[in-house]
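Novice: I'd like to ask some things about the structure below.
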Amino acid sequence: MNRLATFALLLAVASTATAEEADKKGLEFFEKHIRPVLVTQCYECHSVRSKEAKGKLLLDTRMGIRHGGESGPAVVPGDVDGSLLMEALRYESFEMPPAKQLPASVVADFAKWIEMGAPDPRDGKSALVRREIDIEEGRRFWAFQPVTAPEVPTDDTGWSRSDVDRFVHAKHAENGVEPVADATPTALVRRVYLDLVGLPPTPAQQDEYLNDPTPEKFAEIVDRLLASPRFGERWGRHWLDVVRYAESTGMERNFTYPHAWRYRDYVVDAFNADKPFDEFVREQIAGDLLPADSLEERTERITATGLLALGPKSLNERNREQFVMDVADEQIDVTTRAFLGVTVACARCHDHKFDPFPQRDYYALAGVFTSTNTFYGTGGGNGNRQVGQLLAVSAEGVSTVRTNGGGNGGKNKRAALAKQLKKARTRLETAKKQSAKNPGNKSIQKRLEVAETQVARLETQLAKVRRQERQAAGAEETGTKPVVLMGVRDGQPGDTTLRIRGEIDDRGDSVPRRFPQVVTRGHEPIGEGSGRLEYANWIVADDNPLTARVAANRIWSHLFGAGIVETVDNFGVNGGRPANAELLEHLAVRFRENGWSTKSTIREIVTSRTYQLAVAESVSASEVDPDNRLVWRANHRRLEAEVIRDATLQAAGTIDLEPAEASPVARVGDGNVGRGIDADRFATNSTKRSVYLPIVRNAVPESLAVFDFPEPSNISGRREVTTVPTQALYMLNSPFVLQQSSAMARRLLAEEMEDAERVELAYRLTVGRLPGTSERDRGLEFVALAAKGEMDRETAFAGLCQALIASAEFRYVE
């Protein structure tokens with residue numbers, strides 16, 4: 001096969017793989033967001049169970065929804081505006097459902113689904129036909145089998161340096177694949193710095209390894225990077241992706257979470273301390289129920305439960321029970337996908353369509369969370385129908401408080417009340433004057449009474465706020481000020497009832513609280529509380545087959561750009577299969593044997609020869625394994641948005657490595673983004689690391705959004721990578737890039753060296769290597785324009801620096 005034909009084959013296979021991955025995500029989106037709405041809102045009039053399908057439109061099969069009814073196709077895949085269903089949902093030419101328009105967020109989900117190509121697994125005449133779930137049969141699926149330690153293969157070739165290598169080599173040999181050569185020391189040292197701490201090595205750090213490129217020196221560097229506080233900032237951000245961290249509610253009423261930053265800092269600290277992953281799990285699900293030896297430990301553990309409070313919330317929801325069930329649904333989704341890699345939340349309205357999770361399993365777990373009170377804050381007004389509270393932790397214990405803004409929120413509230421009171425008093429004076437001129441006028445008298453009531457109410461509220469401020473000030477002086485945070489506590493324990501088709505008012509039997517049957521083999525019963533502690537213990541139990549596998553797979557994915565199981569958030573039937581099952585088992589077993597240590601697992605992987613392979617091509621290997629699932633080379637990986645920004649700051653010499661205090665959201669305080677708080681107020685010129693930037697739903701900073709920062713309402717174990725024109729335009733025109741390029745130019749010019757050395761230093765600061773002869777000459781030729789009077793020297797060097805920062809080599813790791 002010639003090279004052109006090989007390339008065409010690889011391109012076709014890669015395209016097919018990408019399409020398959022997109023299909024899986026699309027079907028998952030359909031099951032989570034589309035099917036439940038169709039079942040509850042549309043099937044009564046537009047399915048085979050209808051006495052007469054209105055408009056001859058059936059929406060319970062893929063064929064029916066695409067063929068449409070009397071008016072034409074209801075859904076045209078990829079064409080939102082051409083889909084009649086969208087006109088109906090938007091109440092344009094049609095109105096569906098006729099009784100009440102669906103929330104804007106649901107309509108947006110349908111638009112997104114159609115843009116994705118309207119993936120829909122519903123074959124046959126009716127989607128209402130139920131399949132029987134066989135739990136015992138389900139347990140035979142690979143992911144639900146017990147984790148067992150495989151025998152380590154032998155390698156007589158001498159290629160392997162570790163057990164990880166021996167498992168990889170065995171797959172190479174089995175498939176007739178030869179690995180490529182090792183990476184160069186220059187490429188390897190840049191790779192490990194970016195992977196472990198998210199910052200490129202400085203020239204001095206490069207030289208340390210280049211002058212002694214031995215396995216011993218590399219292991220020494222790895223240990224130092226794992227011990228660096230920068231490690232927690234890098235790997236903590238990975239976890240924040242998984243648990244959909246954000247500092248606002250999102251959805252129709254996007255209220256801020258001014259205290260969310262405490263959970264962010266907890267995660268960073270946990271990774272820096274190498275907190276055992278089983279303890280990490282317990283604290284995030286049931287930290288408030290764990291014993292604590294000190295006030296500091298108690299505060300830390302309750303802060304960890306912020307995981308359950310940070311999710312998106314529909315504060316516009318009128319029905320309190322619906323809101324509570326929606327919150328529980330989101331908590332089920334994040335805990336089962338983040339820790340277990342399964343989509344239990346897809347069983348809310350019906351038995352899971354692919355995995356062995358009956359609807360009763362969902363409501364058994366829902367009872368755990370409906371027995372839990374969630375403290376997420378958010379103030380009243382501006383359409384917030386579901387005002388929450390916060391937790392205050394002090395030496396006296398744990399109490400509940402109304403939101404105070406997380407920073408200047410109290411002052412903001414006092415100022416707002418004072419402003420309202422001033423206006424109310426003006427209205428009162430006006431009403432008094434009118435009443436004096438028109439005694440006996442009932443309308444004017446009514447306005448006077450209303451004004452008096454408003455003034456009295458606002459005076460009372462303002463006095464209360466001022467009293468709280470004085471109390472807080474006194475507590476601060478005496479060191480007893482409580483720590484206010486998001487989190488959960490046990491509520492009134494009790495089981496919940498199954499909701500038929502997910503409908504709040506259509507109740508079935510009460511379902512005893514327990515955990516998904518397919519993974520449960522004789523665990524402790526739920527006691528007198530909510531069941532969260534038992535749930536956390538069940539997740540990290542030795543015989544739970546999912547947790548260690550999912551965690552080990554996530555670590556591998558971050559280091560190689562793809563997991564051993566590619567669908568890192570879905571180990572179910574619709575997910576991928578392990579490319580090297582024995583290796584995954586080995587890593588899962590070692591993870592637990594090493595005390596659930598993330599750092600030990602990372603060290604074991606990065607010191608392997610497999611991790612240290614070059615980014616190189618092999619025609620013969622590509623023909624066998626075009627997607628590199630067997631890891632015969634390193635993957636060419638685009639850096640995440642945060643790393644691109646942080647590396648830019650480091651090259652410019654402007655990065656501030658001190659951890660941030662709180663968050664800009666805390667300083668802005670409590671309120672509704674877009675309806676009282678302008679999103680521009682979260683903008684910051686901070687040169688702190690990107691993990692400390694404000695993450696407000698629907699208002700993610702441009703420097704992150706342009707490079708595929710994940711939607712913070714979604715669980716994202718693996719980020720999408722796109723290449724679009726806006727990225728190049730950002731690197732060309734962004735004030736941030738221009739400012740940092742100028743700062744880097746000033747840094748170069750401040751060095752006492754020749755311009756040739758400055759050009760070399762510019763390359764080392766950005767792409768981590770020396771320039772080639774032609775690159776150096778072109779750089780010198782460009783900066784020489786200053787000597788010709790075409791630009792000043794700073795402008796010339798800034799242009800060179802910007803070209804390097806904007807280069808693909810800067811944005812990628814090899």
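Each chain of the structure tokens is named A, B, ... in the order shown, its residues numbered from 1; ligands are numbered from 1 in display order.
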Considering only C-alpha atoms, return as a list of chain:residue names whatever protein or nucleic-acid residues lie within 12 Å of Ile500 (chain A), sequence-local ones (same chain, fewer than 2 positions apart) excluded.

Specialist: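 Listed by chain and then number, they are A:Pro36, A:Val39, A:Thr40, A:Ala347, A:Arg348, A:Cys349, A:His350, A:Asp351, A:Gln359, A:Arg360, A:Tyr363, A:Thr497, A:Leu498, A:Gly502, A:Glu503, A:Ile504, A:Asp505, A:Asp506, A:Arg507, A:Gly508, A:Asp509, A:Ser510.
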
Novice: Using only C-alpha atoms, which protein or nucleic acid residues come within 10 Å of Asn537 (chain A)? Drop anything in the same chain fewer than 6 positions from it, and give the result as a JSON list (two decimals) with C-alpha atoms, in the first residue's frame.

Specialist:
[["chain", "number", "residue", "atom", "x", "y", "z"],
["A", 278, "ASP", "CA", -11.55, 6.61, 49.04],
["A", 279, "GLU", "CA", -11.41, 9.33, 51.70],
["A", 281, "VAL", "CA", -15.07, 10.17, 47.90],
["A", 282, "ARG", "CA", -16.41, 9.83, 51.43],
["A", 285, "ILE", "CA", -20.66, 12.62, 49.61],
["A", 286, "ALA", "CA", -20.87, 12.47, 53.41],
["A", 523, "HIS", "CA", -23.59, -4.32, 51.68],
["A", 524, "GLU", "CA", -24.53, -2.70, 54.98],
["A", 531, "GLY", "CA", -27.93, 6.87, 53.71],
["A", 544, "ASN", "CA", -17.24, -2.39, 44.02]]

Novice: Closest to Glu296 (chain A) among A:Leu308, A:Ala424, A:Ala395, A:Ala260, using only C-alpha atoms?

Specialist: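 Distance minimum relative to Glu296 (chain A) lands on A:Ala395.
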
Novice: What is the distance between CA of Phe707 (chain A) and CA of Ala641 (chain A), in Å to one decimal?

Specialist: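 So the answer is 5.1 Å.
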
Novice: A:Glu28, A:Asp293, A:Asp361, A:Glu132: which is nearest Gly575 (chain A), counting only C-alpha atoms?

Specialist: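 Closest residue, counting only C-alpha atoms: A:Glu28.
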
Novice: Quick one: everything within 12 Å of His259 (chain A), counting only C-alpha atoms, minus sequence neighbours fewer than 6 positions away in the same chain. Send it as a ChimeraX atom specification.

Specialist: /A:245-248,265-266,303,306,309-310,375-378,389-392,403-409,483-487,661-670,694

Novice: Save the residues we just selected, C-alpha atoms, as an mmCIF file, in the first residue's frame?

Specialist:
data_model
loop_
_atom_site.group_PDB
_atom_site.id
_atom_site.type_symbol
_atom_site.label_atom_id
_atom_site.label_comp_id
_atom_site.auth_asym_id
_atom_site.auth_seq_id
_atom_site.Cartn_x
_atom_site.Cartn_y
_atom_site.Cartn_z
ATOM 1 C CA TYR A 245 -17.693 23.109 39.105
ATOM 2 C CA ALA A 246 -19.124 26.580 38.607
ATOM 3 C CA GLU A 247 -19.881 29.689 40.621
ATOM 4 C CA SER A 248 -23.490 30.258 39.578
ATOM 5 C CA ASP A 265 -9.658 25.261 47.164
ATOM 6 C CA TYR A 266 -10.609 22.042 48.956
ATOM 7 C CA THR A 303 -16.733 22.048 52.533
ATOM 8 C CA GLY A 306 -20.129 21.343 48.249
ATOM 9 C CA ALA A 309 -24.596 21.776 46.084
ATOM 10 C CA LEU A 310 -22.698 23.219 43.098
ATOM 11 C CA PHE A 375 -27.448 24.398 51.126
ATOM 12 C CA TYR A 376 -26.589 26.370 48.002
ATOM 13 C CA GLY A 377 -27.436 29.943 48.995
ATOM 14 C CA THR A 378 -28.827 32.450 46.436
ATOM 15 C CA GLN A 389 -29.520 28.832 52.671
ATOM 16 C CA LEU A 390 -25.848 28.293 53.493
ATOM 17 C CA LEU A 391 -23.990 26.511 56.276
ATOM 18 C CA ALA A 392 -21.965 28.336 58.933
ATOM 19 C CA THR A 403 -26.696 34.091 51.912
ATOM 20 C CA ASN A 404 -24.393 36.976 52.745
ATOM 21 C CA GLY A 405 -22.688 37.316 49.386
ATOM 22 C CA GLY A 406 -19.416 35.581 50.157
ATOM 23 C CA GLY A 407 -17.403 38.774 50.283
ATOM 24 C CA ASN A 408 -18.921 42.227 49.837
ATOM 25 C CA GLY A 409 -22.387 40.713 49.600
ATOM 26 C CA VAL A 483 -16.943 29.943 57.978
ATOM 27 C CA VAL A 484 -19.893 30.227 55.593
ATOM 28 C CA LEU A 485 -19.998 27.622 52.850
ATOM 29 C CA MET A 486 -22.064 25.479 50.499
ATOM 30 C CA GLY A 487 -22.780 21.877 51.393
ATOM 31 C CA GLU A 661 -7.883 34.550 47.907
ATOM 32 C CA ALA A 662 -11.568 33.762 47.392
ATOM 33 C CA SER A 663 -12.906 34.662 43.923
ATOM 34 C CA PRO A 664 -14.137 37.680 41.960
ATOM 35 C CA VAL A 665 -17.613 36.154 42.323
ATOM 36 C CA ALA A 666 -17.292 36.395 46.107
ATOM 37 C CA ARG A 667 -16.306 40.036 45.810
ATOM 38 C CA VAL A 668 -19.262 40.816 43.542
ATOM 39 C CA GLY A 669 -21.589 39.016 45.917
ATOM 40 C CA ASP A 670 -24.989 37.446 45.615
ATOM 41 C CA PRO A 694 -14.194 32.951 37.974
#

Novice: Using 8 Å as the limit and counting only C-alpha atoms, can you tabulate each residue of region 105-211 of chain A that touches region 68-77 of chain A, with its shortest atom-to-atom distance in Å and the two atoms involved, as a Markdown table?

Specialist:
| residue | atom | partner | partner_atom | distance |
| --- | --- | --- | --- | --- |
| A:Ile114 | CA | A:Pro77 | CA | 5.3 |
| A:Glu115 | CA | A:Pro77 | CA | 6.8 |
| A:Met116 | CA | A:Pro77 | CA | 7.5 |
| A:Gly117 | CA | A:Pro77 | CA | 4.3 |
| A:Ala118 | CA | A:Pro77 | CA | 5.1 |

Novice: Produce a file of the selected residues containing all heavy atoms, as a short mmCIF file (atom, residue, chain, number, x, y, z; two decimals), in the first residue's frame.

Specialist:
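Saved result, again-v4.cif, follows:
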data_model
loop_
_atom_site.label_atom_id
_atom_site.label_comp_id
_atom_site.auth_asym_id
_atom_site.auth_seq_id
_atom_site.Cartn_x
_atom_site.Cartn_y
_atom_site.Cartn_z
N ILE A 114 -31.04 18.65 18.02
CA ILE A 114 -31.22 18.69 16.57
C ILE A 114 -29.93 19.09 15.89
O ILE A 114 -29.56 18.54 14.84
CB ILE A 114 -32.38 19.64 16.20
CG1 ILE A 114 -33.71 19.07 16.71
CG2 ILE A 114 -32.44 19.88 14.69
CD1 ILE A 114 -34.88 20.02 16.59
N GLU A 115 -29.21 20.06 16.47
CA GLU A 115 -27.91 20.46 15.92
C GLU A 115 -26.93 19.28 15.90
O GLU A 115 -26.10 19.17 15.00
CB GLU A 115 -27.31 21.60 16.74
CG GLU A 115 -27.99 22.94 16.52
CD GLU A 115 -27.45 24.01 17.45
OE1 GLU A 115 -26.67 23.66 18.37
OE2 GLU A 115 -27.78 25.19 17.26
N MET A 116 -27.04 18.39 16.88
CA MET A 116 -26.17 17.22 16.95
C MET A 116 -26.53 16.17 15.89
O MET A 116 -25.83 15.17 15.74
CB MET A 116 -26.27 16.57 18.34
CG MET A 116 -25.78 17.46 19.47
SD MET A 116 -26.28 16.83 21.12
CE MET A 116 -25.21 15.42 21.28
N GLY A 117 -27.62 16.40 15.17
CA GLY A 117 -28.08 15.43 14.18
C GLY A 117 -29.25 14.62 14.64
O GLY A 117 -29.60 13.61 14.04
N ALA A 118 -29.86 15.03 15.77
CA ALA A 118 -31.03 14.35 16.34
C ALA A 118 -30.81 12.85 16.52
O ALA A 118 -31.60 12.02 16.07
CB ALA A 118 -32.27 14.61 15.47
#

Novice: Find the distance between CA of Trp239 (chain A) and CA of Asn714 (chain A) and write it in Å to one decimal.

Specialist: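 It comes out at 12.6 Å.
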
Novice: Would you mind listing what lies within 10 Å of Ala88 (chain A) as JSON, numbers by chain, with only C-alpha atoms counted and same-chain residues fewer than 5 positions away left out?

Specialist: {"A": [74, 83, 93, 94, 95, 96, 97, 98, 101, 107]}

Novice: So that I have them on file, write out the residues from the current selection with N, CA and C atoms, as a PDB file, in the first residue's frame.

Specialist:
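Final file, selection.pdb:
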ATOM      1  N   ALA A  74     -41.320  16.666  11.715  1.00  0.00           N
ATOM      2  CA  ALA A  74     -41.216  17.369  12.995  1.00  0.00           C
ATOM      3  C   ALA A  74     -39.772  17.734  13.296  1.00  0.00           C
ATOM      4  N   SER A  83     -37.019  22.588  11.587  1.00  0.00           N
ATOM      5  CA  SER A  83     -37.729  21.539  12.316  1.00  0.00           C
ATOM      6  C   SER A  83     -39.003  22.110  12.921  1.00  0.00           C
ATOM      7  N   SER A  93     -45.537  29.046  15.236  1.00  0.00           N
ATOM      8  CA  SER A  93     -46.720  28.722  14.438  1.00  0.00           C
ATOM      9  C   SER A  93     -47.585  27.653  15.104  1.00  0.00           C
ATOM     10  N   PHE A  94     -47.007  26.862  15.990  1.00  0.00           N
ATOM     11  CA  PHE A  94     -47.738  25.863  16.769  1.00  0.00           C
ATOM     12  C   PHE A  94     -47.448  26.120  18.244  1.00  0.00           C
ATOM     13  N   GLU A  95     -48.229  25.463  19.119  1.00  0.00           N
ATOM     14  CA  GLU A  95     -47.979  25.566  20.553  1.00  0.00           C
ATOM     15  C   GLU A  95     -48.035  24.174  21.166  1.00  0.00           C
ATOM     16  N   MET A  96     -46.861  23.620  21.454  1.00  0.00           N
ATOM     17  CA  MET A  96     -46.776  22.304  22.076  1.00  0.00           C
ATOM     18  C   MET A  96     -45.763  22.367  23.224  1.00  0.00           C
ATOM     19  N   PRO A  97     -46.108  21.733  24.364  1.00  0.00           N
ATOM     20  CA  PRO A  97     -47.440  21.221  24.716  1.00  0.00           C
ATOM     21  C   PRO A  97     -48.419  22.384  24.893  1.00  0.00           C
ATOM     22  N   PRO A  98     -49.697  22.160  24.599  1.00  0.00           N
ATOM     23  CA  PRO A  98     -50.653  23.276  24.579  1.00  0.00           C
ATOM     24  C   PRO A  98     -50.960  23.873  25.946  1.00  0.00           C
ATOM     25  N   GLN A 101     -46.065  26.270  28.138  1.00  0.00           N
ATOM     26  CA  GLN A 101     -44.813  26.220  27.396  1.00  0.00           C
ATOM     27  C   GLN A 101     -43.701  25.643  28.269  1.00  0.00           C
ATOM     28  N   VAL A 107     -36.236  23.794  25.936  1.00  0.00           N
ATOM     29  CA  VAL A 107     -36.289  24.139  24.515  1.00  0.00           C
ATOM     30  C   VAL A 107     -34.871  24.206  23.947  1.00  0.00           C
TER      31      VAL A 107
END

Novice: Contacts of region 201-205 of chain A at 10 Å or less, counting only C-alpha atoms, minus same-chain residues fewer than 6 places along, as a VMD selection string?

Specialist: chain A and resid 189 to 194 221 647 650 to 651 761 763 to 769
